[in-house]
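Enquirer: My structure is stored as query_23.pdb, with PDB, C-alpha atoms, pLDDT in the B column.
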ATOM      1  CA  MET A   1     105.399 132.530 126.988  1.00 49.00           C
ATOM      2  CA  LYS A   2     108.130 129.871 127.003  1.00 60.00           C
ATOM      3  CA  SER A   3     110.943 130.336 129.527  1.00 60.00           C
ATOM      4  CA  ASN A   4     114.397 131.447 128.401  1.00 74.00           C
ATOM      5  CA  ARG A   5     115.848 128.012 129.150  1.00 85.00           C
ATOM      6  CA  LEU A   6     113.738 126.596 126.314  1.00 93.00           C
ATOM      7  CA  GLY A   7     114.793 129.203 123.782  1.00 94.00           C
ATOM      8  CA  VAL A   8     117.394 127.018 122.091  1.00 97.00           C
ATOM      9  CA  TYR A   9     114.711 124.380 121.492  1.00 98.00           C
ATOM     10  CA  LEU A  10     112.495 126.927 119.763  1.00 98.00           C
ATOM     11  CA  ALA A  11     115.105 128.499 117.510  1.00 98.00           C
ATOM     12  CA  PRO A  12     115.819 127.344 113.952  1.00 98.00           C
ATOM     13  CA  ALA A  13     119.014 125.348 113.556  1.00 98.00           C
ATOM     14  CA  GLU A  14     121.137 124.092 110.691  1.00 98.00           C
ATOM     15  CA  TYR A  15     119.390 120.730 110.437  1.00 98.00           C
ATOM     16  CA  ILE A  16     116.229 121.400 112.405  1.00 99.00           C
ATOM     17  CA  ASP A  17     115.530 124.248 109.998  1.00 99.00           C
ATOM     18  CA  SER A  18     112.153 125.273 111.337  1.00 99.00           C
ATOM     19  CA  ASP A  19     112.323 128.619 109.536  1.00 98.00           C
ATOM     20  CA  HIS A  20     112.429 126.991 106.100  1.00 99.00           C
ATOM     21  CA  PRO A  21     109.430 128.113 103.991  1.00 98.00           C
ATOM     22  CA  GLU A  22     108.504 124.533 103.075  1.00 98.00           C
ATOM     23  CA  ILE A  23     108.465 123.493 106.735  1.00 99.00           C
ATOM     24  CA  ILE A  24     106.286 126.459 107.677  1.00 98.00           C
ATOM     25  CA  SER A  25     103.901 125.864 104.775  1.00 98.00           C
ATOM     26  CA  PHE A  26     103.617 122.155 105.478  1.00 98.00           C
ATOM     27  CA  ALA A  27     102.971 122.716 109.187  1.00 98.00           C
ATOM     28  CA  ALA A  28     100.088 125.024 108.299  1.00 98.00           C
ATOM     29  CA  SER A  29      98.693 122.507 105.803  1.00 98.00           C
ATOM     30  CA  VAL A  30      98.343 119.654 108.311  1.00 98.00           C
ATOM     31  CA  THR A  31      96.836 121.681 111.169  1.00 97.00           C
ATOM     32  CA  MET A  32      93.884 123.961 111.828  1.00 96.00           C
ATOM     33  CA  PRO A  33      94.092 127.312 113.642  1.00 92.00           C
ATOM     34  CA  ASN A  34      91.619 126.173 116.305  1.00 96.00           C
ATOM     35  CA  MET A  35      93.659 123.096 117.256  1.00 97.00           C
ATOM     36  CA  THR A  36      95.314 122.938 120.653  1.00 97.00           C
ATOM     37  CA  GLU A  37      99.088 122.790 120.903  1.00 97.00           C
ATOM     38  CA  LYS A  38      98.930 119.086 121.680  1.00 98.00           C
ATOM     39  CA  GLU A  39      96.616 118.383 118.750  1.00 98.00           C
ATOM     40  CA  LYS A  40      98.992 120.150 116.393  1.00 98.00           C
ATOM     41  CA  VAL A  41     101.927 118.117 117.673  1.00 98.00           C
ATOM     42  CA  GLN A  42      99.936 114.922 117.140  1.00 98.00           C
ATOM     43  CA  GLN A  43      99.373 115.928 113.515  1.00 98.00           C
ATOM     44  CA  PHE A  44     103.048 116.713 113.094  1.00 99.00           C
ATOM     45  CA  TYR A  45     103.935 113.328 114.543  1.00 98.00           C
ATOM     46  CA  LEU A  46     101.681 111.490 112.097  1.00 98.00           C
ATOM     47  CA  ALA A  47     103.080 113.473 109.179  1.00 98.00           C
ATOM     48  CA  ALA A  48     106.667 112.664 110.155  1.00 98.00           C
ATOM     49  CA  ARG A  49     105.836 109.029 110.861  1.00 98.00           C
ATOM     50  CA  GLU A  50     104.351 108.517 107.404  1.00 98.00           C
ATOM     51  CA  ILE A  51     107.504 109.702 105.660  1.00 98.00           C
ATOM     52  CA  ARG A  52     108.799 106.422 104.235  1.00 96.00           C
ATOM     53  CA  TYR A  53     111.474 104.844 106.400  1.00 92.00           C
ATOM     54  CA  ASP A  54     114.546 104.106 104.318  1.00 90.00           C
ATOM     55  CA  THR A  55     118.120 103.080 105.084  1.00 83.00           C
ATOM     56  CA  SER A  56     119.374 103.101 101.485  1.00 84.00           C
ATOM     57  CA  LEU A  57     120.827 106.573 101.897  1.00 89.00           C
ATOM     58  CA  ASP A  58     124.122 108.360 101.451  1.00 91.00           C
ATOM     59  CA  TYR A  59     124.889 109.069 105.100  1.00 92.00           C
ATOM     60  CA  SER A  60     127.773 111.350 104.140  1.00 92.00           C
ATOM     61  CA  ASN A  61     125.235 113.733 102.578  1.00 94.00           C
ATOM     62  CA  ALA A  62     124.157 116.472 104.987  1.00 96.00           C
ATOM     63  CA  GLU A  63     120.668 116.568 103.455  1.00 97.00           C
ATOM     64  CA  VAL A  64     119.929 113.129 104.943  1.00 97.00           C
ATOM     65  CA  TYR A  65     119.790 114.851 108.342  1.00 98.00           C
ATOM     66  CA  ARG A  66     118.054 118.120 107.393  1.00 98.00           C
ATOM     67  CA  ALA A  67     114.330 118.476 108.135  1.00 99.00           C
ATOM     68  CA  SER A  68     113.374 120.425 105.006  1.00 98.00           C
ATOM     69  CA  SER A  69     115.266 117.988 102.774  1.00 98.00           C
ATOM     70  CA  VAL A  70     113.518 115.026 104.393  1.00 98.00           C
ATOM     71  CA  LEU A  71     110.150 116.669 103.789  1.00 98.00           C
ATOM     72  CA  ARG A  72     111.026 117.270 100.155  1.00 98.00           C
ATOM     73  CA  ALA A  73     112.438 113.771  99.583  1.00 98.00           C
ATOM     74  CA  GLY A  74     109.564 111.879 101.214  1.00 98.00           C
ATOM     75  CA  ASN A  75     111.887 109.221 102.607  1.00 97.00           C
ATOM     76  CA  ALA A  76     114.390 109.179 105.460  1.00 97.00           C
ATOM     77  CA  TYR A  77     115.848 107.154 108.264  1.00 93.00           C
ATOM     78  CA  CYS A  78     115.064 107.689 111.931  1.00 95.00           C
ATOM     79  CA  VAL A  79     117.260 110.741 112.505  1.00 98.00           C
ATOM     80  CA  GLY A  80     115.913 112.697 109.545  1.00 98.00           C
ATOM     81  CA  LYS A  81     112.353 111.921 110.588  1.00 98.00           C
ATOM     82  CA  ALA A  82     113.077 113.017 114.159  1.00 98.00           C
ATOM     83  CA  ALA A  83     114.542 116.271 112.848  1.00 99.00           C
ATOM     84  CA  LEU A  84     111.439 116.865 110.738  1.00 99.00           C
ATOM     85  CA  LEU A  85     109.112 116.387 113.698  1.00 99.00           C
ATOM     86  CA  ALA A  86     111.221 118.753 115.797  1.00 99.00           C
ATOM     87  CA  ALA A  87     111.216 121.386 113.049  1.00 99.00           C
ATOM     88  CA  LEU A  88     107.447 121.237 112.619  1.00 99.00           C
ATOM     89  CA  CYS A  89     106.968 121.658 116.361  1.00 99.00           C
ATOM     90  CA  ARG A  90     109.373 124.582 116.603  1.00 98.00           C
ATOM     91  CA  CYS A  91     107.786 126.498 113.763  1.00 97.00           C
ATOM     92  CA  GLU A  92     104.532 126.417 115.749  1.00 97.00           C
ATOM     93  CA  GLY A  93     106.229 127.610 118.940  1.00 97.00           C
ATOM     94  CA  VAL A  94     106.517 124.214 120.628  1.00 98.00           C
ATOM     95  CA  PRO A  95     109.974 123.428 122.057  1.00 98.00           C
ATOM     96  CA  ALA A  96     111.451 120.266 120.570  1.00 99.00           C
ATOM     97  CA  ARG A  97     114.824 118.545 120.321  1.00 99.00           C
ATOM     98  CA  VAL A  98     116.366 115.341 119.022  1.00 99.00           C
ATOM     99  CA  ALA A  99     117.593 112.521 121.243  1.00 98.00           C
ATOM    100  CA  PHE A 100     119.501 109.327 120.598  1.00 98.00           C
ATOM    101  CA  ALA A 101     119.717 105.751 121.828  1.00 94.00           C
ATOM    102  CA  ASP A 102     121.198 102.414 120.833  1.00 94.00           C
ATOM    103  CA  VAL A 103     118.427  99.894 120.120  1.00 89.00           C
ATOM    104  CA  THR A 104     118.426  96.187 119.354  1.00 87.00           C
ATOM    105  CA  ASN A 105     116.173  95.103 116.488  1.00 77.00           C
ATOM    106  CA  HIS A 106     115.225  91.496 117.250  1.00 59.00           C
ATOM    107  CA  LEU A 107     113.356  91.127 113.950  1.00 64.00           C
ATOM    108  CA  ALA A 108     116.075  92.432 111.670  1.00 67.00           C
ATOM    109  CA  SER A 109     116.459  90.254 108.597  1.00 68.00           C
ATOM    110  CA  ASP A 110     119.534  88.146 107.950  1.00 70.00           C
ATOM    111  CA  LYS A 111     120.345  90.380 104.971  1.00 76.00           C
ATOM    112  CA  LEU A 112     120.270  93.533 107.059  1.00 74.00           C
ATOM    113  CA  ILE A 113     122.340  91.945 109.824  1.00 75.00           C
ATOM    114  CA  GLU A 114     124.855  90.809 107.219  1.00 76.00           C
ATOM    115  CA  LYS A 115     125.188  94.365 105.909  1.00 79.00           C
ATOM    116  CA  MET A 116     125.369  95.967 109.351  1.00 79.00           C
ATOM    117  CA  GLY A 117     127.308  93.193 111.059  1.00 82.00           C
ATOM    118  CA  THR A 118     124.901  93.345 114.001  1.00 83.00           C
ATOM    119  CA  ASN A 119     121.257  93.855 114.966  1.00 83.00           C
ATOM    120  CA  LEU A 120     122.219  96.765 117.216  1.00 89.00           C
ATOM    121  CA  PHE A 121     121.165 100.092 115.712  1.00 88.00           C
ATOM    122  CA  ALA A 122     123.500 102.672 117.251  1.00 94.00           C
ATOM    123  CA  TRP A 123     122.413 106.297 117.505  1.00 96.00           C
ATOM    124  CA  HIS A 124     118.757 105.697 116.742  1.00 94.00           C
ATOM    125  CA  GLY A 125     117.120 109.107 116.611  1.00 96.00           C
ATOM    126  CA  PHE A 126     113.818 110.216 118.108  1.00 96.00           C
ATOM    127  CA  THR A 127     112.197 113.481 119.153  1.00 98.00           C
ATOM    128  CA  GLU A 128     111.465 115.010 122.536  1.00 98.00           C
ATOM    129  CA  VAL A 129     108.658 117.570 122.662  1.00 98.00           C
ATOM    130  CA  PHE A 130     107.957 119.955 125.542  1.00 98.00           C
ATOM    131  CA  LEU A 131     104.236 119.706 126.308  1.00 97.00           C
ATOM    132  CA  GLU A 132     102.454 120.760 129.493  1.00 95.00           C
ATOM    133  CA  ASN A 133     105.731 121.628 131.217  1.00 95.00           C
ATOM    134  CA  ARG A 134     107.518 118.335 130.606  1.00 96.00           C
ATOM    135  CA  TRP A 135     109.464 116.562 127.903  1.00 98.00           C
ATOM    136  CA  VAL A 136     107.695 113.720 126.122  1.00 97.00           C
ATOM    137  CA  LYS A 137     109.437 111.245 123.815  1.00 96.00           C
ATOM    138  CA  ALA A 138     108.081 110.555 120.329  1.00 96.00           C
ATOM    139  CA  SER A 139     109.584 108.125 117.820  1.00 94.00           C
ATOM    140  CA  PRO A 140     108.109 108.619 114.321  1.00 96.00           C
ATOM    141  CA  THR A 141     110.493 106.055 112.815  1.00 92.00           C
ATOM    142  CA  PHE A 142     108.376 103.377 111.145  1.00 90.00           C
ATOM    143  CA  ASN A 143     105.631 104.335 108.689  1.00 94.00           C
ATOM    144  CA  SER A 144     102.398 102.334 108.719  1.00 94.00           C
ATOM    145  CA  ASP A 145     103.136 100.351 105.538  1.00 92.00           C
ATOM    146  CA  LEU A 146     106.414  99.126 106.981  1.00 86.00           C
ATOM    147  CA  CYS A 147     104.725  98.272 110.287  1.00 86.00           C
ATOM    148  CA  SER A 148     102.268  96.084 108.379  1.00 87.00           C
ATOM    149  CA  LEU A 149     105.162  94.121 106.911  1.00 83.00           C
ATOM    150  CA  PHE A 150     106.590  93.583 110.368  1.00 77.00           C
ATOM    151  CA  GLY A 151     103.223  92.683 111.890  1.00 81.00           C
ATOM    152  CA  VAL A 152     103.461  95.630 114.269  1.00 81.00           C
ATOM    153  CA  THR A 153     100.751  98.176 115.050  1.00 85.00           C
ATOM    154  CA  PRO A 154     101.894 101.654 113.946  1.00 89.00           C
ATOM    155  CA  LEU A 155     103.115 103.650 116.912  1.00 90.00           C
ATOM    156  CA  ASP A 156     100.736 106.424 117.941  1.00 93.00           C
ATOM    157  CA  PHE A 157     101.506 109.505 120.019  1.00 95.00           C
ATOM    158  CA  ASP A 158      98.897 111.087 122.284  1.00 95.00           C
ATOM    159  CA  GLY A 159     101.078 113.870 123.635  1.00 95.00           C
ATOM    160  CA  ASN A 160     100.828 112.525 127.173  1.00 95.00           C
ATOM    161  CA  ALA A 161     102.874 109.323 127.324  1.00 93.00           C
ATOM    162  CA  ASP A 162     106.223 108.564 125.741  1.00 90.00           C
ATOM    163  CA  ALA A 163     105.873 106.904 122.328  1.00 89.00           C
ATOM    164  CA  ILE A 164     109.028 104.851 121.854  1.00 84.00           C
ATOM    165  CA  LEU A 165     109.627 101.892 119.568  1.00 72.00           C
ATOM    166  CA  GLN A 166     107.555  98.825 120.338  1.00 63.00           C
ATOM    167  CA  ASP A 167     108.977  96.067 122.567  1.00 57.00           C
ATOM    168  CA  TYR A 168     107.016  93.325 120.792  1.00 48.00           C
ATOM    169  CA  ASP A 169     105.363  92.662 117.446  1.00 58.00           C
ATOM    170  CA  GLY A 170     101.751  91.568 116.944  1.00 59.00           C
ATOM    171  CA  GLN A 171     102.695  87.934 117.602  1.00 61.00           C
ATOM    172  CA  GLY A 172     104.376  88.668 120.901  1.00 55.00           C
ATOM    173  CA  ARG A 173     107.911  88.333 119.539  1.00 61.00           C
ATOM    174  CA  ALA A 174     110.620  90.651 120.828  1.00 51.00           C
ATOM    175  CA  PHE A 175     110.966  93.591 118.438  1.00 68.00           C
ATOM    176  CA  MET A 176     112.903  96.622 119.678  1.00 77.00           C
ATOM    177  CA  LYS A 177     114.883  97.010 122.896  1.00 80.00           C
ATOM    178  CA  TYR A 178     116.476 100.251 124.067  1.00 86.00           C
ATOM    179  CA  GLU A 179     120.001  99.531 125.288  1.00 89.00           C
ATOM    180  CA  VAL A 180     121.760 102.865 125.874  1.00 93.00           C
ATOM    181  CA  LEU A 181     120.480 106.449 125.920  1.00 93.00           C
ATOM    182  CA  HIS A 182     122.861 109.066 124.531  1.00 96.00           C
ATOM    183  CA  GLY A 183     121.036 112.207 125.616  1.00 96.00           C
ATOM    184  CA  SER A 184     119.327 115.127 123.892  1.00 98.00           C
ATOM    185  CA  PHE A 185     120.604 117.718 121.413  1.00 98.00           C
ATOM    186  CA  HIS A 186     119.302 121.082 120.213  1.00 98.00           C
ATOM    187  CA  ASP A 187     120.320 120.149 116.654  1.00 99.00           C
ATOM    188  CA  VAL A 188     121.309 117.010 114.773  1.00 98.00           C
ATOM    189  CA  PRO A 189     125.058 116.272 115.230  1.00 98.00           C
ATOM    190  CA  ALA A 190     125.217 115.326 111.568  1.00 97.00           C
ATOM    191  CA  LYS A 191     128.981 115.234 111.040  1.00 96.00           C
ATOM    192  CA  PHE A 192     129.424 113.036 114.094  1.00 97.00           C
ATOM    193  CA  LEU A 193     126.629 110.686 113.020  1.00 96.00           C
ATOM    194  CA  ALA A 194     128.032 110.367 109.507  1.00 94.00           C
ATOM    195  CA  SER A 195     131.401 109.470 110.987  1.00 95.00           C
ATOM    196  CA  GLU A 196     129.888 106.928 113.383  1.00 95.00           C
ATOM    197  CA  ILE A 197     127.844 105.251 110.661  1.00 92.00           C
ATOM    198  CA  ARG A 198     130.942 104.979 108.494  1.00 91.00           C
ATOM    199  CA  ARG A 199     132.886 103.480 111.406  1.00 93.00           C
ATOM    200  CA  LEU A 200     130.226 101.115 112.753  1.00 93.00           C
ATOM    201  CA  TYR A 201     128.388 100.083 109.580  1.00 87.00           C
ATOM    202  CA  PRO A 202     130.667 100.266 106.540  1.00 86.00           C
ATOM    203  CA  GLY A 203     128.242  97.945 104.723  1.00 78.00           C
ATOM    204  CA  LEU A 204     125.634 100.711 104.732  1.00 73.00           C
ATOM    205  CA  VAL A 205     127.836 103.276 103.033  1.00 63.00           C
ATOM    206  CA  ILE A 206     128.873 101.332  99.958  1.00 51.00           C
ATOM    207  CA  ASP A 207     127.109 101.504  96.602  1.00 45.00           C
ATOM    208  CA  ASP A 208     124.844  98.496  97.150  1.00 45.00           C
ATOM    209  CA  ARG A 209     123.199  99.822 100.310  1.00 42.00           C
ATOM    210  CA  LEU A 210     120.338  97.645 101.530  1.00 43.00           C
ATOM    211  CA  ASP A 211     116.864  99.136 101.461  1.00 45.00           C
ATOM    212  CA  PHE A 212     115.060  98.525 104.772  1.00 43.00           C
ATOM    213  CA  LEU A 213     111.734  97.879 103.038  1.00 44.00           C
ATOM    214  CA  THR A 214     113.276  95.145 100.886  1.00 45.00           C
ATOM    215  CA  SER A 215     114.867  93.742 104.017  1.00 47.00           C
ATOM    216  CA  ALA A 216     111.514  93.661 105.804  1.00 44.00           C
ATOM    217  CA  LYS A 217     109.845  91.839 102.927  1.00 44.00           C
ATOM    218  CA  SER A 218     112.527  89.164 102.932  1.00 42.00           C
ATOM    219  CA  ARG A 219     112.989  88.678 106.678  1.00 42.00           C
ATOM    220  CA  ASP A 220     111.066  85.389 106.709  1.00 44.00           C
TER     221      ASP A 220
END
Render the structure in this file as C-alpha cells.
Expert:
Amino acid sequence: MKSNRLGVYLAPAEYIDSDHPEIISFAASVTMPNMTEKEKVQQFYLAAREIRYDTSLDYSNAEVYRASSVLRAGNAYCVGKAALLAALCRCEGVPARVAFADVTNHLASDKLIEKMGTNLFAWHGFTEVFLENRWVKASPTFNSDLCSLFGVTPLDFDGNADAILQDYDGQGRAFMKYEVLHGSFHDVPAKFLASEIRRLYPGLVIDDRLDFLTSAKSRD
C-alpha cells in the first residue's frame, strides 16, 4: 500500500485525468495483467513517447495540457505527453507527477529559433514516477520518427535510471542541455504555462505556428 504522502500523486487531477475512461481503457490495452509494476510503466512510457511530438498547437487551449485529450489527438508537445504518462501510471496505482526544466536545444533549426527568438525551451515538461521507493525521471518527449530525423537514438526508459533528453546526437554533436530545474507538480499548471508561452514565445501563438517536424526536416 502506498503511503499517505504519495496520495496526491495517485489521485486524478484536472489535467492528469487518470480516471478518464479512455485513459483507463488504453492503459489496459498496452499492458498484461501478469506484468510487474515496472514493466507496465515501461509500456506506458513507450506509448506516451510515440505520441507525435508537435509544437504547432494552440497553447491557450486547455486540452493541449490534458492527458485524455492528448491521447485522443495523437499529437502533443512535451507537457501534454508528460501528463499522459503520469495519468497512465496513476490509473494503475503507480504514483506519478509532472516536473519542469529549461533546456537548450543545440540542434534547433534556424526557422524554429526565428519563431521562438531563442534555442532555450523554457518549462520543458517531463514525468517523475515513483518506483521501488524512489522517484525516477522519464522524458517521453520525442517520438522515434522525429529522433530519426535528428539522428538521435530514441530515448528508452528501464524504470531504474533517469531517462532525460539526450546530451548528444548520433554524430556526437551537442543536442539538449538542462539549464534550470523548476520542480515537480501534482498537476499541470496549465494556466501559468499558457501565460508563460505567450510571454516568452509570441511567435508560437500566432496563426502561422511552426510545426516542429517541418523544422526538423529543414534544419540542415
Enquirer: May I have the residues within 8 Å of Leu88 (chain A) as a PyMOL selection string, using all atoms listed in the file and disregarding those fewer than 5 positions away in the same chain?
Expert: chain A and resi 18+23-24+27+44
Enquirer: Would you please work out which residue, of A:Ser195, A:Tyr45, A:Asn75, A:Leu120, is nearest to Ala138 (chain A) when using all atoms listed in the file?
Expert: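 Residue with the minimum atom-to-atom distance to Ala138 (chain A): A:Tyr45.
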Enquirer: Using CA of Val180 (chain A) and CA of Arg199 (chain A) as the two end points, give the distance in Å to one decimal.
Expert: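 Answer for the CA of Val180 (chain A) to CA of Arg199 (chain A) separation: 18.3 Å.
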Enquirer: What gap, in Å, lies between CA of Arg97 (chain A) and CA of Trp135 (chain A)?
Expert: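 Interatomic distance here is 9.5 Å.
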Enquirer: Could you tell me how far CA of Ala99 (chain A) sits from CA of Ala28 (chain A), in Å to one decimal place?
Expert: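 These two atoms are separated by 25.1 Å.
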Enquirer: Around (114.9, 124.4, 124.3), as given in the file, which residues come within 7 Å? Count only C-alpha atoms and list them as an MDAnalysis selection string.
Expert: chainID A and resid 5:10 95:96 186
Enquirer: So, with only C-alpha atoms as the atoms that count, which of A:Pro33, A:Gly151, A:Gly159, A:Gly117 lies closest to Tyr201 (chain A)?
Expert: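 Looking at the shortest contact to Tyr201 (chain A), the residue is A:Gly117.
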Enquirer: Each side padded by 6 Å, which centre and which edge lengths in Å (one decimal) define the axis-aligned box around the listed atoms of region 199-204 of chain A? Give them as lines of an AutoDock Vina configuration file.
Expert:
center_x = 129.3
center_y = 100.7
center_z = 108.7
size_x = 19.3
size_y = 17.5
size_z = 20.0
Enquirer: Restricting the calculation to all atoms listed in the file: of A:Lys111, A:His124, A:Arg49, A:Lys137, which residue gets closest to Val188 (chain A)?
Expert: A:His124
Enquirer: Using only C-alpha atoms, which of A:Thr118, A:Thr31, A:Gln42, A:Thr36 sits nearest Asp158 (chain A)?
Expert: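 The closest residue to Asp158 (chain A) is A:Gln42.
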Enquirer: List the neighbours of Glu132 (chain A) out to 12 Å using all atoms listed in the file; skip same-chain residues closer than 4 positions along the sequence, and give me the result as a list of chain:residue names.
Expert: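 Counting all atoms listed in the file, the residues come to A:Lys2, A:Thr36, A:Glu37, A:Lys38, A:Val94, A:Pro95, A:Val136, A:Gly159, A:Asn160, A:Ala161.
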Enquirer: Find the residue from A:Thr127, A:Asn105, A:Asn4, A:Ser29 that sits nearest to Phe185 (chain A); use all atoms listed in the file when measuring.
Expert: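 Ranking A:Thr127, A:Asn105, A:Asn4, A:Ser29 by distance to Phe185 (chain A), first place goes to A:Thr127.
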Enquirer: Between A:Leu146, A:Val30, A:Val129, A:Leu165, which one has atoms that come closest to Gln43 (chain A), using only C-alpha atoms?
Expert: A:Val30
Enquirer: Please, which residues are within 8 Å of (121.0, 107.6, 125.3) by the file's coordinates, counting all atoms listed in the file, and could they come as number ranges by chain?
Expert: A: 99-102, 180-184
Enquirer: Determine the residue membership of the PyMOL selection byres ((chain A and resi 87) around 8) for the file above and supply it as a list in words.
Expert: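 That selection, the PyMOL selection byres ((chain A and resi 87) around 8), comes back as Pro12, Ile16, Asp17, Ser18, Ile23, Ala67, Ala83, Leu84, Leu85, Ala86, Leu88, Cys89, Arg90, Cys91 and Ala96 of chain A.
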Enquirer: Let me know the residues the PyMOL selection byres ((chain A and resi 190) around 12) catches in the file above, as a VMD selection string.
Expert: chain A and resid 13 to 16 59 to 67 79 to 80 83 98 123 125 185 to 189 191 to 197
